[in-house]
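Take a look at the structure set out below.
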Amino acid sequence: MLLLYGSVFAALLLSAVAESEFGQCGGTGWSGDTTCPSGWVCAALTAHYSQCVPGISSVASTTASQSATRATTTSAAPTAAPTVGPSHATGKTPALGWNSWNAYACDINEDKILAAANQFVSLGLAKAGYQYVNIDDCWSVKTRDASTGRIVPDPDKFPSGISGVASQVHSLGLKFGIYSDAGTQTCAGYPASLGNEELDAATFAEWGVDYLKYDNCNVPANWSDASTPPGGDWYNSNSAIRYRQMTAALDATGRPFHFNLCIWGNANVWDWGARVGHSWRMSGDASASWSYITSIITTNVQHLDSIDFYSHNDMDMMEIGNGDLTIQEQRTHFAAWAFFKSPILLGTDLGQLNSTQLAIITNPELLAFHQDTTVGTPARPFTPTSSAPTTSPPEFYSGRSVKGTHVFIINTGNATSKTFDFAKVPGLGSGSYKLHDMWTGKDLGTFTKSHTSTVDTHDTAAFLVTPARHGADVDEE
Ligand code: GAL
């Protein structure tokens with residue numbers, strides 16, 4: 001298996017000659033050199049980032065001759081890698097917040113970050129539970145400070161420094177997040193933290209950072225994984241160890257950090273992510289498209305056992321407000337992220353959201369399911385009737401919250417009539433139940449045996465289903 005680059009990144013191999021080993025050689029907006037040194041190839045790791053990696057015979061092959069053991073060069077992974085886990089002073093429920101990347105990519109500055117923080121308050125997002133204001137890639141200058149070795153915030157983009165921005169975010173009652181990378185450079189070519197974990201974690205702690213997104217670009221070959229690690233536990237893979245080193249460094253600061261592993265679904269991260277961080281990306285980058293939404297749901301339903309308190313599959317940042325998703329698709333985007341308990345990090349210029357979009361992202365009942373502190377597990381697919389067809393992704397899900405049992409129905413096709421039998425919902429029986437619409441907050445009545453609703457194409461219905469009181473009126477058979 002080609003793990004370093006993940007099967008999801010269908011390596012697009014381009015030309016070779018020139019440029020630098022592990023340097024960027026392509027991606028959205030890249031105008032630099034697209035060639036690589038002799039013996040190296042340009043591999044598309046994500047849509048926006050291609051990197052020079054050793055020639056295909058040395059990285060992409062799955063032959064038995066390739067050893068998964070850690071490399072023996074000077075920067076090899078240590079044999080006694082840290083085993084400290086993530087802080088449980090934070091991250092019990094999935095993160096709720098905003099991140100700069102989907103809105104602005106590298107075109108960030110202090111004004112844009114603080115505008116988002118102020119909009120959390122003015123638009124009612126903070127009141128609804130949104131907490132994290134997170135800066136993504138491109139916040140620093142390109143070289144570390146020559147005397148201290150620290151990463152230096154870009155003074156043009158962040159005249160108040162990162163600590164100045166963090167304290168303004170904190171003064172609004174919010175939390176602040178930053179970005180680094182478990183390689184030699186970030187995806188956009190800025191200093192990254194592999195080999196500098198302790199210094200960088202201490203710097204972030206000193207600046208008042210509460211959340212770290214840790215990316216996976218520019219990984220030296222000796223820190224990658226060509227095949228299953230010895231013993232078969234991916235916790236002992238080179239990939240996991242790169243992340244474990246940062247977990248330990250964050251822990252050593254004494255400050256609780258919410259730690260997000262931006263590892264794109266590589267190295268079976270769902271098997272060990274909770275031992276290292278609070279959430280982990282399941283795939284490459286999101287796009288504002290229905291095909292992305294359905295494909296990440298399809299991926300995620302394979303790994304629902306990994307989700308519980310302090311342990312969240314990250315379906316990537318939100319695209320509500322971007323591209324041309326229909327309102328129904330935006331409702332599904334939000335509802336699915338909520339009922340799978342993915343982090344929900346808004347990714348747009350919040351000032352551009354209309355009232356319908358704001359109502360979607362502040363829906364109190366879906367947010368309550370997402371942030372429930374009594375039940376940590378997500379909704380799961382169930383088969384609605386005895387003769388139900390199998391679809392991908394599944395259309396019918398049920399889950400529990402402190403309020404009871406919920407049913408979510410995603411209409412992935414064109415037929416809008418959706419029926420489920422109560423007896424098919426785990427935890428319910430064949431009797432009468434009250435249905436409550438989580439989107440509108442309205443009670444719909446009491447129903448016996450089954451319920452049929454109209455769900456628009458690509459929309460998601462969301463219900464709370466509770467046992468009817470004995471003798472209650474029955475509206476529908
Ligand atoms: C990608 C990551 C994106 C964004 C970008 C920044 O690897 O998946 O979410 O952080 O890097 O360069």
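Every chain in the structure tokens takes a letter, A first, then B, and so on in the order presented; its residues are numbered from 1, and the ligands are numbered from 1 following the presented order.
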Write out as a ChimeraX atom specification which residues come within 9 Å of Thr298 (chain A) when counting only C-alpha atoms, dropping same-chain ones fewer than 6 positions away. /A:392-394
Write to file, as a PDB file, in the first residue's frame, the residues of the selection just made, with C-alpha atoms.
```
ATOM      1  CA  SER A 392     -23.807   4.376  -1.036  1.00  0.00           C
ATOM      2  CA  PRO A 393     -23.585   6.327   1.083  1.00  0.00           C
ATOM      3  CA  PRO A 394     -26.410   4.948   3.222  1.00  0.00           C
TER       4      PRO A 394
END
```
Asp200 (chain A) surroundings by only C-alpha atoms, 8 Å radius, close-in-sequence under 6 positions cut, as a list in words: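 Result of the neighbour search: Arg150, Ile151 and Ser193 of chain A.
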Using only C-alpha atoms and all ligand atoms, which of the listed residues (A:Leu199, A:Ala226, A:Ile135, A:Ile344) sits closest to ligand 1?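 Comparing A:Leu199, A:Ala226, A:Ile135, A:Ile344 against ligand 1, the winner is A:Ile135.
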Counting only C-alpha atoms and all ligand atoms, name the residues that have an atom within 9 Å of an atom of ligand 1; the answer should be given as number ranges by chain. A: 45-49, 101-102, 105-106, 136-138, 179-181, 186-189, 213-217, 262-264, 281, 283-286, 316-317
Could you turn the residues from that selection into a file that holds N, CA, C and O atoms, as a short mmCIF file (atom, residue, chain, number, x, y, z; two decimals), in the first residue's frame?
```cif
data_model
loop_
_atom_site.label_atom_id
_atom_site.label_comp_id
_atom_site.auth_asym_id
_atom_site.auth_seq_id
_atom_site.Cartn_x
_atom_site.Cartn_y
_atom_site.Cartn_z
N LEU A 45 0.00 15.57 -3.82
CA LEU A 45 -0.46 15.07 -2.51
C LEU A 45 -1.88 15.52 -2.24
O LEU A 45 -2.68 14.79 -1.67
N THR A 46 -2.18 16.75 -2.61
CA THR A 46 -3.55 17.26 -2.52
C THR A 46 -3.73 18.12 -3.76
O THR A 46 -2.76 18.39 -4.48
N ALA A 47 -4.94 18.59 -4.00
CA ALA A 47 -5.20 19.39 -5.21
C ALA A 47 -4.31 20.63 -5.23
O ALA A 47 -3.89 21.09 -6.28
N HIS A 48 -3.97 21.15 -4.06
CA HIS A 48 -3.23 22.41 -4.05
C HIS A 48 -1.75 22.24 -3.77
O HIS A 48 -1.03 23.22 -3.69
N TYR A 49 -1.31 20.99 -3.62
CA TYR A 49 0.09 20.82 -3.25
C TYR A 49 0.71 19.58 -3.87
O TYR A 49 0.26 18.46 -3.61
N TRP A 101 -8.43 28.57 6.09
CA TRP A 101 -7.95 28.02 4.82
C TRP A 101 -8.98 28.04 3.68
O TRP A 101 -8.70 28.53 2.59
N ASN A 102 -10.17 27.49 3.91
CA ASN A 102 -11.13 27.40 2.81
C ASN A 102 -11.58 28.78 2.33
O ASN A 102 -11.95 28.96 1.18
N ALA A 105 -7.12 30.72 1.95
CA ALA A 105 -5.85 30.02 1.68
C ALA A 105 -4.69 30.83 2.30
O ALA A 105 -4.76 31.17 3.48
N CYS A 106 -3.66 31.19 1.51
CA CYS A 106 -2.51 31.89 2.10
C CYS A 106 -2.75 33.40 2.25
O CYS A 106 -1.93 34.09 2.85
N ASP A 136 -4.68 28.97 9.58
CA ASP A 136 -4.10 27.82 8.87
C ASP A 136 -2.70 28.20 8.37
O ASP A 136 -2.02 29.05 8.95
N ASP A 137 -2.27 27.59 7.31
CA ASP A 137 -0.92 27.74 6.76
C ASP A 137 -0.63 29.21 6.39
O ASP A 137 -1.54 29.99 6.17
N CYS A 138 0.68 29.52 6.31
CA CYS A 138 1.18 30.80 5.74
C CYS A 138 1.18 31.97 6.72
O CYS A 138 1.14 33.13 6.30
N TYR A 179 -1.46 26.50 13.17
CA TYR A 179 -1.18 25.41 12.23
C TYR A 179 0.32 25.18 12.16
O TYR A 179 1.11 26.13 12.13
N SER A 180 0.72 23.91 12.14
CA SER A 180 2.09 23.56 11.76
C SER A 180 2.03 22.21 11.06
O SER A 180 0.95 21.75 10.66
N ASP A 181 3.18 21.59 10.90
CA ASP A 181 3.26 20.43 10.01
C ASP A 181 4.33 19.48 10.53
O ASP A 181 5.39 19.90 10.98
N THR A 186 5.84 23.38 5.87
CA THR A 186 4.39 23.23 5.70
C THR A 186 4.09 22.98 4.23
O THR A 186 4.97 23.07 3.37
N CYS A 187 2.83 22.72 3.95
CA CYS A 187 2.45 22.43 2.56
C CYS A 187 2.73 23.63 1.65
O CYS A 187 3.03 23.48 0.48
N ALA A 188 2.64 24.83 2.20
CA ALA A 188 2.89 26.02 1.39
C ALA A 188 4.35 26.48 1.49
O ALA A 188 4.69 27.56 1.00
N GLY A 189 5.20 25.69 2.16
CA GLY A 189 6.63 25.98 2.14
C GLY A 189 7.13 26.85 3.28
O GLY A 189 8.19 27.45 3.18
N LYS A 213 -3.49 22.47 14.59
CA LYS A 213 -3.72 21.61 13.42
C LYS A 213 -2.34 21.25 12.89
O LYS A 213 -1.53 22.15 12.62
N TYR A 214 -2.08 19.95 12.73
CA TYR A 214 -0.72 19.51 12.42
C TYR A 214 -0.75 18.71 11.11
O TYR A 214 -1.26 17.60 11.05
N ASP A 215 -0.18 19.31 10.07
CA ASP A 215 -0.31 18.80 8.70
C ASP A 215 0.77 17.76 8.38
O ASP A 215 1.59 17.41 9.25
N ASN A 216 0.79 17.32 7.14
CA ASN A 216 1.57 16.11 6.81
C ASN A 216 2.40 16.28 5.54
O ASN A 216 2.71 15.29 4.89
N CYS A 217 2.76 17.51 5.20
CA CYS A 217 3.54 17.73 3.97
C CYS A 217 5.04 17.68 4.26
O CYS A 217 5.47 17.81 5.40
N CYS A 262 -3.70 16.35 10.91
CA CYS A 262 -4.14 16.56 9.51
C CYS A 262 -3.39 15.56 8.63
O CYS A 262 -2.52 15.93 7.84
N ILE A 263 -3.71 14.29 8.77
CA ILE A 263 -2.92 13.21 8.16
C ILE A 263 -3.64 12.57 6.98
O ILE A 263 -3.18 11.57 6.43
N TRP A 264 -4.77 13.18 6.57
CA TRP A 264 -5.45 12.81 5.31
C TRP A 264 -5.87 11.34 5.23
O TRP A 264 -5.90 10.75 4.15
N ARG A 281 -7.89 13.97 10.32
CA ARG A 281 -8.48 14.05 8.99
C ARG A 281 -8.55 12.67 8.36
O ARG A 281 -7.65 11.86 8.49
N SER A 283 -9.28 12.19 5.03
CA SER A 283 -9.12 12.21 3.59
C SER A 283 -8.38 13.47 3.19
O SER A 283 -8.01 14.29 4.03
N GLY A 284 -8.16 13.62 1.86
CA GLY A 284 -7.58 14.85 1.33
C GLY A 284 -8.55 16.01 1.49
O GLY A 284 -9.54 15.92 2.19
N ASP A 285 -8.24 17.10 0.79
CA ASP A 285 -8.97 18.34 1.07
C ASP A 285 -10.40 18.34 0.55
O ASP A 285 -10.69 17.84 -0.53
N ALA A 286 -11.26 18.98 1.34
CA ALA A 286 -12.67 19.14 0.96
C ALA A 286 -12.77 20.03 -0.26
O ALA A 286 -11.88 20.83 -0.56
N ASP A 316 -13.11 17.19 7.49
CA ASP A 316 -12.52 18.42 6.93
C ASP A 316 -13.44 19.62 7.12
O ASP A 316 -14.60 19.49 7.46
N MET A 317 -12.84 20.77 6.84
CA MET A 317 -13.49 22.04 7.19
C MET A 317 -14.70 22.32 6.30
O MET A 317 -14.80 21.81 5.19
#
```
Best match for closeness to Lys92 (chain A) among A:Thr448, A:Ser311, A:Thr332, A:Gln352, counting only C-alpha atoms: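 Of A:Thr448, A:Ser311, A:Thr332, A:Gln352, the one nearest Lys92 (chain A), counting only C-alpha atoms, is A:Ser311.
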Residues near Gly404 (chain A), cut-off 12 Å, only C-alpha atoms, skip fewer than 4 positions along chain, as a list of chain:residue names: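 Contacts, with the query itself left out: A:Phe369, A:Asp372, A:Thr374, A:Val375, A:Ser398, A:Gly399, A:Arg400, A:Pro426, A:Gly427, A:Leu428, A:Tyr433, A:Lys434, A:Leu435, A:His436, A:Phe463, A:Leu464, A:Val465, A:Thr466, A:Pro467.
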Smallest atom-to-atom distance to Leu114 (chain A): which of A:Ile320, A:Leu366, A:Cys36, A:Ile162, using only C-alpha atoms?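 The shortest atom-to-atom distance to Leu114 (chain A) comes from A:Ile162.
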Can you pull out every residue from region 167-410 of chain A that DSSP, working from the backbone, puts in strand (DSSP E), and format the result as a VMD selection string? chain A and resid 175 to 181 211 to 215 258 to 261 279 to 281 312 to 314 344 to 346 380 to 381 396 to 401 404 to 410
Name all residues at most 10 Å from Pro94 (chain A) (count only C-alpha atoms; drop same-chain ones fewer than 5 positions away) and give them as number ranges by chain. A: 258, 278-279, 307-314, 337-338, 340-345, 370-372, 376
Using only C-alpha atoms for the distances, tell me which of A:His406, A:His458, A:Lys449, A:Arg255 is nearest to His333 (chain A).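 With only C-alpha atoms as the atom set, the closest residue is A:His458.
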